[in-house]
Amino acid sequence: MTITILVLLAVIIVALVFEYINGFHDCANAIATVVSTKVLSPKQAVVFAASLEFIGALTGTHVAKTIGNGIVDGDMITLTVIFCALLAAVIWNLFTWYMGLPSSSSHALIGGLLGAATMKAGWDVVHVKTLTDKVIIPMFTSPVIGFTVGFLFMLVLIWMFFKANPQVVNKRFRKLQLISSGLMAISHGSNDAQKTMGIITLALLAGGVIHKAPGGDFEIPIYVIIICALTMASGTMNGGWKIIKTMGHKIIKLKPIHGFAAETSAATIILTASHFGIPLSTTHVISTAIMGVGSTLHANSVKWRIVGNIVTAWVFTIPACIVISACIYKSLEVLVK
């Protein structure tokens, strides 16, 4: 085996490790509410979510193309850059998982890619317009949209059912929440699983395994799509219980109607973003949708200290991963020399 093939294999392995960690780190996005409201047991919820996330991962490749060829110049990306980006994202995900903070795996990967790529070729390698339009602006607007949509949708439900018996309402929404959590799982798969698809395709191009025709589109091989979908589903099966506890219990105390409102709001936003190739943070959207839903009860219903910790993790994810990835790249350069 040549050095290139060995490095390529290492990159693909780390990419799949990232995808697996993404599955258990972000599975809370799909099942935290349905577990906390006791609509499904934890075991039932992870099987349910894993199956639908697999289906969601097969629904398109728009986000994968943005990650693979939209954020930085694909022609300037080497296997070493990709390896450093993935390793930085894995380190950050494990750190935030250990702390029980629902940070963004998407932003961790993007930050890692930016750090290693700019360390290699400078900031000229970055597609600033794409980064701004599809990452930076959505990073700030998606939490606001998630909060607003969750808040308004919950107000509509309150207005529709304010005279109804609370027990009857909860019984009905326990069943409806199966639909909303299913939509959330599909939306998570449709957005998050695609990020690793783009990275692995970049690695295959850099390693010379596949080739892009001059002026041709950035296409994701079908075997990459299936492998990534299966890996994320496997990660989801193992669950990220610390983050599930934070999102499902520590932000607000959820009832089935609240879970339905938060999941439906978040899934709608995420599926729309996936359609337009925007690598949205599913974590940001579902978290703020939960906050918006909780705020309809009473401002004090949301535990804002916990929210403050979560927001801090969001703000530092991209900068932290840029630094981690750049340091890893520099360290490898020194070792090679």
# chains A, B, ... in the order shown; residues from 1 in each chain; ligands from 1
>>> select_by_dssp(residues="segment 95-295 of chain A", states="helix (DSSP H, G or I)", output="PyMOL selection string")
chain A and resi 95-99+105-121+123-125+128-161+166-206+222-238+241-250+256-275+282-295
>>> write_last_selection(atoms="C-alpha atoms", output="compact mmCIF listing (two decimals), in the first residue's frame")
# COMPACT_ATOMS: atom_id res chain seq x y z
CA PHE A 95 -15.72 17.36 24.79
CA THR A 96 -19.20 18.86 24.47
CA TRP A 97 -20.81 15.41 24.81
CA TYR A 98 -18.84 14.86 28.04
CA MET A 99 -20.06 18.26 29.29
CA SER A 105 -21.51 18.87 14.86
CA SER A 106 -22.00 20.76 11.59
CA HIS A 107 -20.19 23.85 12.82
CA ALA A 108 -17.48 21.71 14.41
CA LEU A 109 -16.76 20.13 11.02
CA ILE A 110 -16.90 23.46 9.17
CA GLY A 111 -14.59 25.07 11.74
CA GLY A 112 -12.16 22.17 11.43
CA LEU A 113 -12.15 22.46 7.64
CA LEU A 114 -11.54 26.21 7.82
CA GLY A 115 -8.69 25.86 10.33
CA ALA A 116 -6.68 23.25 8.42
CA ALA A 117 -7.38 24.71 4.95
CA THR A 118 -6.34 28.23 5.89
CA MET A 119 -3.26 26.96 7.68
CA LYS A 120 -2.25 25.25 4.45
CA ALA A 121 -3.20 27.82 1.82
CA TRP A 123 -7.75 32.65 3.73
CA ASP A 124 -7.95 32.97 -0.06
CA VAL A 125 -9.00 29.29 -0.14
CA VAL A 128 -16.45 33.78 1.64
CA LYS A 129 -19.84 34.32 0.01
CA THR A 130 -20.92 30.69 0.44
CA LEU A 131 -19.55 30.64 4.00
CA THR A 132 -21.46 33.82 4.81
CA ASP A 133 -24.72 32.91 3.07
CA LYS A 134 -24.94 29.25 4.06
CA VAL A 135 -23.12 29.10 7.40
CA ILE A 136 -22.61 32.42 9.20
CA ILE A 137 -26.00 34.02 8.50
CA PRO A 138 -27.96 30.78 9.22
CA MET A 139 -25.89 30.31 12.39
CA PHE A 140 -27.41 33.50 13.80
CA THR A 141 -30.81 33.43 12.13
CA SER A 142 -31.74 29.76 12.61
CA PRO A 143 -31.90 29.96 16.44
CA VAL A 144 -34.08 33.08 16.15
CA ILE A 145 -36.31 31.37 13.60
CA GLY A 146 -36.45 28.19 15.70
CA PHE A 147 -37.46 30.15 18.80
CA THR A 148 -40.01 32.28 16.94
CA VAL A 149 -41.65 29.44 15.03
CA GLY A 150 -41.81 27.27 18.16
CA PHE A 151 -43.29 30.13 20.17
CA LEU A 152 -45.92 31.06 17.55
CA PHE A 153 -46.88 27.46 16.76
CA MET A 154 -47.37 26.76 20.46
CA LEU A 155 -49.56 29.85 20.78
CA VAL A 156 -51.73 28.57 17.93
CA LEU A 157 -52.09 25.17 19.66
CA ILE A 158 -52.95 26.86 22.96
CA TRP A 159 -55.62 28.95 21.21
CA MET A 160 -57.05 25.86 19.49
CA PHE A 161 -57.22 23.68 22.60
CA PRO A 166 -55.75 18.70 29.51
CA GLN A 167 -55.72 14.91 29.90
CA VAL A 168 -57.53 14.44 26.58
CA VAL A 169 -55.15 16.87 24.87
CA ASN A 170 -52.06 15.10 26.20
CA LYS A 171 -53.46 11.71 25.15
CA ARG A 172 -54.03 12.93 21.59
CA PHE A 173 -50.66 14.60 21.32
CA ARG A 174 -48.86 11.52 22.62
CA LYS A 175 -49.90 9.86 19.35
CA LEU A 176 -49.24 12.94 17.22
CA GLN A 177 -45.78 13.24 18.74
CA LEU A 178 -44.79 9.98 17.06
CA ILE A 179 -45.32 11.77 13.73
CA SER A 180 -43.46 14.92 14.78
CA SER A 181 -40.49 13.03 16.25
CA GLY A 182 -40.36 10.92 13.09
CA LEU A 183 -40.20 14.10 10.99
CA MET A 184 -37.46 15.39 13.26
CA ALA A 185 -35.43 12.20 12.79
CA ILE A 186 -35.83 12.34 9.00
CA SER A 187 -34.83 16.02 8.93
CA HIS A 188 -31.76 15.32 11.08
CA GLY A 189 -30.67 12.54 8.74
CA SER A 190 -31.33 14.71 5.68
CA ASN A 191 -29.02 17.46 6.96
CA ASP A 192 -26.40 16.04 9.32
CA ALA A 193 -25.56 12.75 7.61
CA GLN A 194 -24.76 14.61 4.40
CA LYS A 195 -21.86 16.54 5.91
CA THR A 196 -19.70 13.45 6.21
CA MET A 197 -20.76 12.35 2.73
CA GLY A 198 -19.25 15.56 1.37
CA ILE A 199 -16.05 15.14 3.38
CA ILE A 200 -15.50 11.50 2.32
CA THR A 201 -16.13 12.42 -1.32
CA LEU A 202 -13.55 15.21 -0.96
CA ALA A 203 -11.10 12.64 0.43
CA LEU A 204 -11.74 10.23 -2.46
CA LEU A 205 -11.11 13.05 -4.93
CA ALA A 206 -7.94 14.13 -3.12
CA ILE A 222 -24.06 6.05 -3.89
CA TYR A 223 -21.85 3.79 -1.76
CA VAL A 224 -20.71 6.82 0.26
CA ILE A 225 -24.34 7.84 0.86
CA ILE A 226 -25.30 4.36 2.10
CA ILE A 227 -22.24 3.92 4.35
CA CYS A 228 -22.74 7.33 5.98
CA ALA A 229 -26.46 6.70 6.48
CA LEU A 230 -25.78 3.35 8.15
CA THR A 231 -23.02 4.80 10.35
CA MET A 232 -25.17 7.67 11.62
CA ALA A 233 -28.05 5.29 12.30
CA SER A 234 -25.68 3.05 14.30
CA GLY A 235 -24.54 6.02 16.38
CA THR A 236 -28.13 7.02 17.06
CA MET A 237 -28.85 3.48 18.29
CA ASN A 238 -26.34 4.02 21.10
CA TRP A 241 -28.05 10.29 27.08
CA LYS A 242 -26.29 13.25 28.72
CA ILE A 243 -27.46 15.59 25.98
CA ILE A 244 -30.92 14.00 25.88
CA LYS A 245 -31.21 14.79 29.58
CA THR A 246 -30.17 18.42 29.00
CA MET A 247 -32.57 19.02 26.12
CA GLY A 248 -35.46 16.94 27.34
CA HIS A 249 -35.46 17.79 31.05
CA LYS A 250 -33.18 20.69 31.97
CA PRO A 256 -46.64 15.84 24.67
CA ILE A 257 -48.20 18.98 23.17
CA HIS A 258 -44.96 20.92 23.79
CA GLY A 259 -42.87 18.13 22.29
CA PHE A 260 -45.11 18.05 19.22
CA ALA A 261 -44.86 21.82 18.75
CA ALA A 262 -41.07 21.90 19.15
CA GLU A 263 -40.42 18.92 16.87
CA THR A 264 -42.80 20.01 14.13
CA SER A 265 -41.39 23.53 14.11
CA ALA A 266 -37.77 22.37 14.04
CA ALA A 267 -38.32 19.64 11.43
CA THR A 268 -40.01 22.08 9.05
CA ILE A 269 -37.10 24.53 9.29
CA ILE A 270 -34.43 21.83 8.88
CA LEU A 271 -36.07 20.11 5.91
CA THR A 272 -36.35 23.48 4.17
CA ALA A 273 -32.65 24.16 4.81
CA SER A 274 -31.68 20.70 3.50
CA HIS A 275 -33.61 21.37 0.29
CA THR A 282 -30.10 20.87 13.80
CA THR A 283 -29.03 21.25 17.43
CA HIS A 284 -29.54 25.02 17.36
CA VAL A 285 -32.96 24.73 15.76
CA ILE A 286 -34.50 22.08 18.02
CA SER A 287 -32.99 23.63 21.15
CA THR A 288 -34.37 27.08 20.41
CA ALA A 289 -37.71 25.62 19.31
CA ILE A 290 -37.95 23.98 22.75
CA MET A 291 -37.10 27.34 24.35
CA GLY A 292 -39.75 29.10 22.26
CA VAL A 293 -42.39 26.54 23.18
CA GLY A 294 -41.43 26.81 26.85
CA SER A 295 -41.66 30.59 26.80
>>> residues_around(residues="Val14 of chain A", least_positions_apart="5", cutoff="8 Å", atoms="only C-alpha atoms", output="mmCIF file with N, CA and C atoms, in the first residue's frame")
data_model
loop_
_atom_site.group_PDB
_atom_site.id
_atom_site.type_symbol
_atom_site.label_atom_id
_atom_site.label_comp_id
_atom_site.auth_asym_id
_atom_site.auth_seq_id
_atom_site.Cartn_x
_atom_site.Cartn_y
_atom_site.Cartn_z
ATOM 1 N N PHE A 83 -8.113 15.256 7.208
ATOM 2 C CA PHE A 83 -7.847 14.494 8.432
ATOM 3 C C PHE A 83 -7.853 15.422 9.651
ATOM 4 N N LEU A 86 -11.453 16.681 10.475
ATOM 5 C CA LEU A 86 -12.258 15.636 11.127
ATOM 6 C C LEU A 86 -11.827 15.402 12.564
ATOM 7 N N LEU A 87 -10.516 15.365 12.768
ATOM 8 C CA LEU A 87 -10.009 15.107 14.121
ATOM 9 C C LEU A 87 -10.411 16.225 15.072
#
>>> atom_distance(atom1="atom CA of Thr66 of chain A", atom2="atom CA of Ile278 of chain A")
7.3 Å
>>> closest_residue(among="A:Ile91, A:Ile71, A:Leu79, A:Ala57", to="Leu6 of chain A", atoms="only C-alpha atoms")
A:Leu79
